[in-house]
$ cat my_file36.txt   # compact mmCIF, C-alpha atoms
# COMPACT_ATOMS: atom_id res chain seq x y z
CA MET A 277 12.35 -21.96 13.29
CA ARG A 278 10.33 -20.84 16.29
CA TYR A 279 6.60 -20.56 15.88
CA GLU A 280 3.71 -19.88 18.21
CA ASN A 281 0.23 -20.88 17.08
CA GLY A 282 1.58 -21.21 13.55
CA LYS A 283 3.11 -17.70 13.61
CA ALA A 284 6.80 -17.04 13.15
CA PHE A 285 8.52 -15.16 15.97
CA PRO A 286 9.79 -11.79 14.75
CA GLU A 287 13.31 -12.34 16.14
CA THR A 288 13.56 -15.63 14.21
CA VAL A 289 12.45 -13.93 11.01
CA LEU A 290 14.87 -11.04 11.57
CA ARG A 291 17.79 -13.41 12.13
CA SER A 292 16.87 -15.41 9.03
CA ILE A 293 16.76 -12.30 6.83
CA THR A 294 19.99 -10.88 8.25
CA GLU A 295 21.87 -14.14 7.76
CA ALA A 296 20.48 -14.83 4.30
CA PHE A 297 21.05 -11.37 2.81
CA GLY A 298 24.17 -10.44 4.77
CA ASP A 299 26.62 -10.98 1.92
CA ARG A 300 24.78 -9.02 -0.79
CA GLY A 301 26.74 -6.05 -2.10
CA GLN A 302 25.24 -2.64 -2.72
CA PRO A 303 23.92 -2.08 -6.24
CA SER A 304 26.00 -0.11 -8.71
CA VAL A 305 22.92 1.13 -10.58
CA MET A 306 19.64 2.02 -8.87
CA THR A 307 17.34 2.19 -11.91
CA THR A 308 17.61 1.87 -15.67
CA SER A 309 14.17 3.24 -16.50
CA LYS A 310 14.28 6.31 -18.72
CA GLN A 311 10.56 6.93 -18.22
CA LEU A 312 10.43 7.80 -14.52
CA SER A 313 8.90 11.07 -13.45
CA ASP A 314 11.01 13.31 -11.22
CA LEU A 315 9.05 12.09 -8.21
CA GLU A 316 9.55 8.42 -9.12
CA TYR A 317 13.27 9.00 -9.63
CA GLU A 318 13.48 10.71 -6.24
CA GLU A 319 11.81 7.69 -4.64
CA VAL A 320 14.43 5.33 -6.04
CA MET A 321 17.32 7.64 -5.26
CA ALA A 322 16.20 8.01 -1.63
CA PHE A 323 17.84 4.60 -1.13
CA SER A 324 21.05 5.34 -3.03
CA GLY A 325 24.16 4.95 -0.91
CA LYS A 326 22.21 3.49 2.00
CA THR A 327 22.79 -0.01 3.24
CA TRP A 328 19.70 -2.21 3.28
CA ASP A 329 19.77 -2.33 7.08
CA ALA A 330 19.45 1.48 7.17
CA VAL A 331 16.01 1.33 5.53
CA THR A 332 13.33 2.55 7.93
CA PHE A 333 9.61 1.97 7.88
CA ASP A 334 9.13 5.67 7.14
CA MET A 335 11.13 5.14 3.95
CA VAL A 336 9.15 2.01 3.08
CA GLU A 337 5.92 3.93 3.58
CA GLN A 338 7.01 7.08 1.76
CA TYR A 339 8.86 5.40 -1.13
CA ALA A 340 6.82 2.19 -1.49
CA ASP A 341 6.74 2.27 -5.29
CA ALA A 342 10.53 2.19 -5.54
CA VAL A 343 10.27 -1.63 -5.59
CA PHE A 344 8.91 -1.32 -9.13
CA TRP A 345 11.68 0.95 -10.43
CA PHE A 346 14.79 -0.58 -8.85
CA THR A 347 17.11 -2.50 -11.12
CA PRO A 348 17.02 -6.23 -10.37
CA GLU A 349 20.31 -5.81 -8.45
CA ALA A 350 18.89 -2.94 -6.36
CA PHE A 351 15.62 -4.81 -5.82
CA CYS A 352 17.41 -7.85 -4.42
CA TYR A 353 19.68 -5.67 -2.29
CA TYR A 354 16.96 -3.50 -0.72
CA LEU A 355 14.31 -6.24 -0.39
CA PRO A 356 15.56 -7.30 3.07
CA GLY A 357 15.50 -3.66 4.17
CA PHE A 358 11.83 -3.40 3.25
CA LEU A 359 11.06 -6.64 5.08
CA VAL A 360 13.07 -5.84 8.21
CA ALA A 361 11.72 -2.29 8.48
CA GLY A 362 8.14 -3.54 8.73
CA LEU A 363 9.13 -6.31 11.10
CA GLN A 364 11.01 -3.98 13.46
CA ALA A 365 8.24 -1.37 13.41
CA ASP A 366 5.58 -4.11 13.69
CA ARG A 367 3.90 -2.49 10.70
CA ARG A 368 2.38 -4.08 7.65
CA ASP A 369 0.42 -1.12 6.30
CA SER A 370 2.56 -0.11 3.33
CA ASN A 371 1.79 -0.33 -0.35
CA ALA A 372 5.26 -1.85 -0.70
CA TYR A 373 4.05 -5.00 1.05
CA ASP A 374 0.96 -5.15 -1.14
CA ALA A 375 3.30 -4.90 -4.14
CA LEU A 376 5.64 -7.66 -2.92
CA ILE A 377 2.75 -9.98 -2.09
CA GLY A 378 1.19 -9.19 -5.45
CA MET A 379 4.45 -10.01 -7.23
CA LEU A 380 4.54 -13.42 -5.56
CA ASP A 381 0.83 -14.20 -5.85
CA ARG A 382 1.02 -15.74 -9.30
CA SER A 383 0.52 -18.86 -11.29
CA ALA A 384 2.29 -22.01 -10.20
CA GLU A 385 3.29 -22.35 -13.87
CA PRO A 386 6.64 -20.57 -14.35
CA GLY A 387 5.97 -20.31 -18.08
CA TYR A 388 3.43 -17.58 -17.24
CA TRP A 389 5.82 -15.51 -15.16
CA ASP A 390 6.55 -12.09 -16.66
CA GLU A 391 9.91 -10.52 -17.44
CA PHE A 392 9.79 -8.12 -14.48
CA PHE A 393 9.37 -11.04 -12.07
CA LEU A 394 11.95 -13.25 -13.82
CA GLU A 395 14.61 -10.54 -13.67
CA ARG A 396 14.27 -10.21 -9.90
CA TRP A 397 12.89 -13.06 -7.84
CA PRO A 398 14.80 -16.00 -9.37
CA VAL A 399 18.05 -14.12 -8.65
CA LEU A 400 17.57 -14.69 -4.92
CA SER A 401 19.53 -17.53 -3.35
CA ALA A 402 17.73 -20.47 -1.76
CA ASP A 403 18.48 -19.04 1.70
CA GLU A 404 17.12 -15.64 0.68
CA VAL A 405 13.95 -17.26 -0.67
CA ASP A 406 13.57 -19.13 2.65
CA ALA A 407 13.95 -15.84 4.54
CA VAL A 408 11.28 -14.16 2.39
CA ALA A 409 9.00 -17.18 2.90
CA LEU A 410 9.45 -16.94 6.65
CA TRP A 411 8.70 -13.20 6.57
CA MET A 412 5.56 -13.97 4.58
CA ARG A 413 4.52 -16.47 7.25
CA TRP A 414 5.02 -13.77 9.88
CA PHE A 415 3.00 -11.29 7.80
CA GLU A 416 0.20 -13.79 7.25
CA GLY A 417 0.12 -14.61 10.96
CA GLU A 418 -0.32 -10.93 11.75
CA GLU A 419 -2.73 -10.12 8.89
CA PRO A 420 -4.47 -13.41 8.02
CA ALA A 421 -7.65 -11.91 6.55
CA VAL A 422 -6.34 -8.86 4.69
CA TYR A 423 -5.89 -10.58 1.32
CA PHE A 424 -8.08 -12.86 -0.77
CA PRO A 425 -8.37 -16.48 0.36
CA ASN A 426 -5.43 -18.61 -0.77
CA THR A 427 -3.20 -15.59 -1.48
CA PHE A 428 -0.55 -16.69 1.00
CA GLU A 429 -0.78 -20.29 -0.22
CA ARG A 430 0.04 -19.10 -3.77
CA VAL A 431 2.82 -16.88 -2.42
CA GLN A 432 4.38 -19.83 -0.59
CA GLU A 433 3.97 -22.07 -3.66
CA THR A 434 5.74 -19.46 -5.80
CA LEU A 435 8.55 -19.19 -3.26
CA ALA A 436 8.85 -23.00 -3.13
CA LEU A 437 9.15 -23.08 -6.93
CA LEU A 438 11.80 -20.36 -6.83
CA LYS A 439 13.77 -22.30 -4.25
CA GLN A 440 13.41 -25.53 -6.22
CA LYS A 441 14.81 -23.79 -9.30
CA ARG A 442 17.81 -22.65 -7.21
CA THR A 443 18.51 -26.00 -5.59
CA GLY A 444 17.16 -28.48 -8.15
CA PRO A 445 14.50 -31.17 -7.71

$ encode --input "my_file36.txt" --output "structure tokens"
Amino acid sequence: MRYENGKAFPETVLRSITEAFGDRGQPSVMTTSKQLSDLEYEEVMAFSGKTWDAVTFDMVEQYADAVFWFTPEAFCYYLPGFLVAGLQADRRDSNAYDALIGMLDRSAEPGYWDEFFLERWPVLSADEVDAVALWMRWFEGEEPAVYFPNTFERVQETLALLKQKRTGP
């Protein structure tokens, strides 16, 4: 991986994400929640039928909460689109990114991980986890002081645990 002053180069991150998530198929079901408001449902359905590489930063910004209402299959499929959209627009100012970082900023004890997390993040392949980790390094390099101290350390520890679970000790 190419780094400069500890920061990942955007083109390296983009290539990593594209290669890692390239074989994922589109989800057959976008959401299973029966409790979404009409607005929440519209947010999720804004992605329906789109490939992950068609996701724009405008969509990420406008439909940021969709990450919470996607099925696990849709979450894993559209995750690279959310990441790439911010990378290509050189933007990190979306609630979607706060949500993703918040999801990964958790205890290093997997026994404390909640059902929502366990249905989504452990489904990623080791290569996909590596791509997310690299994107997080890029994000941290661009926004090092936006979150509480040690946030990105916990995020990377969580990603390392996820990868370890995929590949074994």

$ atom_distance --input "my_file36.txt" --atom1 "atom CA of Asp390 of chain A" --atom2 "atom CA of Leu437 of chain A"
14.9 Å

$ atom_distance --input "my_file36.txt" --atom1 "atom CA of Arg368 of chain A" --atom2 "atom CA of Glu316 of chain A"
22.1 Å

$ atom_distance --input "my_file36.txt" --atom1 "atom CA of Met335 of chain A" --atom2 "atom CA of Tyr373 of chain A"
12.7 Å

$ closest_residue --input "my_file36.txt" --among "A:Ala407, A:Leu394, A:Val422, A:Ala342" --to "Met379 of chain A" --atoms "all atoms listed in the file"
A:Leu394

$ closest_residue --input "my_file36.txt" --among "A:Val431, A:Val399, A:Tyr388, A:Ala361" --to "Leu376 of chain A" --atoms "all atoms listed in the file"
A:Val431

$ decode --input "my_file36.txt" --residues "segment 399-414 of chain A" --atoms "all heavy atoms" --output "compact mmCIF listing (two decimals), in the first residue's frame"
# COMPACT_ATOMS: atom_id res chain seq x y z
N VAL A 399 -19.81 -10.67 7.94
CA VAL A 399 -20.11 -11.27 6.64
C VAL A 399 -19.06 -10.86 5.60
O VAL A 399 -18.86 -11.55 4.60
CB VAL A 399 -21.54 -10.86 6.18
CG1 VAL A 399 -21.85 -11.38 4.79
CG2 VAL A 399 -22.57 -11.36 7.19
N LEU A 400 -18.38 -9.75 5.85
CA LEU A 400 -17.37 -9.28 4.91
C LEU A 400 -16.21 -10.27 4.84
O LEU A 400 -15.82 -10.87 5.83
CB LEU A 400 -16.83 -7.92 5.33
CG LEU A 400 -17.83 -6.76 5.38
CD1 LEU A 400 -17.15 -5.51 5.90
CD2 LEU A 400 -18.45 -6.52 4.02
N SER A 401 -15.65 -10.41 3.65
CA SER A 401 -14.47 -11.26 3.46
C SER A 401 -13.25 -10.56 4.07
O SER A 401 -13.27 -9.36 4.37
CB SER A 401 -14.22 -11.50 1.97
OG SER A 401 -13.74 -10.31 1.35
N ALA A 402 -12.18 -11.32 4.24
CA ALA A 402 -10.94 -10.74 4.77
C ALA A 402 -10.44 -9.60 3.88
O ALA A 402 -10.00 -8.56 4.38
CB ALA A 402 -9.87 -11.83 4.91
N ASP A 403 -10.54 -9.75 2.56
CA ASP A 403 -10.11 -8.69 1.65
C ASP A 403 -11.00 -7.46 1.78
O ASP A 403 -10.51 -6.32 1.70
CB ASP A 403 -10.11 -9.17 0.20
CG ASP A 403 -8.99 -10.15 -0.10
OD1 ASP A 403 -8.01 -10.20 0.68
OD2 ASP A 403 -9.09 -10.87 -1.11
N GLU A 404 -12.29 -7.67 1.97
CA GLU A 404 -13.20 -6.54 2.14
C GLU A 404 -12.91 -5.81 3.45
O GLU A 404 -12.91 -4.58 3.49
CB GLU A 404 -14.65 -7.02 2.10
CG GLU A 404 -15.07 -7.49 0.71
CD GLU A 404 -16.40 -8.24 0.68
OE1 GLU A 404 -16.81 -8.79 1.72
OE2 GLU A 404 -17.02 -8.28 -0.40
N VAL A 405 -12.63 -6.56 4.50
CA VAL A 405 -12.27 -5.95 5.79
C VAL A 405 -10.98 -5.13 5.62
O VAL A 405 -10.89 -4.01 6.12
CB VAL A 405 -12.11 -7.01 6.89
CG1 VAL A 405 -11.50 -6.42 8.15
CG2 VAL A 405 -13.45 -7.66 7.20
N ASP A 406 -10.01 -5.68 4.91
CA ASP A 406 -8.77 -4.93 4.66
C ASP A 406 -9.05 -3.63 3.91
O ASP A 406 -8.45 -2.59 4.20
CB ASP A 406 -7.78 -5.77 3.84
CG ASP A 406 -7.06 -6.81 4.67
OD1 ASP A 406 -7.06 -6.71 5.92
OD2 ASP A 406 -6.48 -7.74 4.05
N ALA A 407 -9.95 -3.69 2.93
CA ALA A 407 -10.29 -2.49 2.16
C ALA A 407 -10.96 -1.44 3.05
O ALA A 407 -10.65 -0.24 2.95
CB ALA A 407 -11.18 -2.85 0.98
N VAL A 408 -11.86 -1.87 3.92
CA VAL A 408 -12.50 -0.94 4.84
C VAL A 408 -11.46 -0.35 5.79
O VAL A 408 -11.46 0.86 6.06
CB VAL A 408 -13.64 -1.63 5.64
CG1 VAL A 408 -14.18 -0.70 6.73
CG2 VAL A 408 -14.77 -2.06 4.70
N ALA A 409 -10.54 -1.18 6.28
CA ALA A 409 -9.49 -0.70 7.18
C ALA A 409 -8.62 0.35 6.49
O ALA A 409 -8.25 1.36 7.10
CB ALA A 409 -8.64 -1.87 7.67
N LEU A 410 -8.31 0.13 5.23
CA LEU A 410 -7.51 1.09 4.49
C LEU A 410 -8.28 2.40 4.30
O LEU A 410 -7.72 3.49 4.45
CB LEU A 410 -7.07 0.50 3.14
CG LEU A 410 -6.06 1.31 2.35
CD1 LEU A 410 -4.78 1.51 3.14
CD2 LEU A 410 -5.76 0.61 1.02
N TRP A 411 -9.57 2.30 3.99
CA TRP A 411 -10.40 3.49 3.86
C TRP A 411 -10.42 4.26 5.18
O TRP A 411 -10.32 5.49 5.19
CB TRP A 411 -11.82 3.13 3.43
CG TRP A 411 -12.69 4.32 3.16
CD1 TRP A 411 -12.83 4.98 1.97
CD2 TRP A 411 -13.54 5.00 4.10
NE1 TRP A 411 -13.71 6.04 2.13
CE2 TRP A 411 -14.16 6.06 3.43
CE3 TRP A 411 -13.81 4.81 5.45
CZ2 TRP A 411 -15.05 6.93 4.04
CZ3 TRP A 411 -14.71 5.68 6.07
CH2 TRP A 411 -15.31 6.72 5.37
N MET A 412 -10.53 3.53 6.29
CA MET A 412 -10.53 4.17 7.60
C MET A 412 -9.20 4.88 7.86
O MET A 412 -9.17 5.95 8.48
CB MET A 412 -10.82 3.16 8.72
CG MET A 412 -12.24 2.67 8.73
SD MET A 412 -13.38 3.97 9.25
CE MET A 412 -14.95 3.11 9.03
N ARG A 413 -8.11 4.31 7.39
CA ARG A 413 -6.80 4.97 7.55
C ARG A 413 -6.77 6.28 6.73
O ARG A 413 -6.24 7.29 7.18
CB ARG A 413 -5.67 4.06 7.12
CG ARG A 413 -5.42 2.91 8.06
CD ARG A 413 -4.14 2.16 7.69
NE ARG A 413 -4.12 0.79 8.11
CZ ARG A 413 -4.15 0.35 9.36
NH1 ARG A 413 -4.23 1.21 10.34
NH2 ARG A 413 -4.11 -0.93 9.64
N TRP A 414 -7.35 6.21 5.52
CA TRP A 414 -7.44 7.42 4.70
C TRP A 414 -8.28 8.47 5.43
O TRP A 414 -7.87 9.63 5.55
CB TRP A 414 -8.06 7.10 3.33
CG TRP A 414 -8.46 8.33 2.58
CD1 TRP A 414 -7.65 9.18 1.91
CD2 TRP A 414 -9.79 8.86 2.47
NE1 TRP A 414 -8.39 10.22 1.38
CE2 TRP A 414 -9.70 10.04 1.71
CE3 TRP A 414 -11.04 8.46 2.94
CZ2 TRP A 414 -10.81 10.82 1.40
CZ3 TRP A 414 -12.15 9.24 2.62
CH2 TRP A 414 -12.03 10.40 1.87
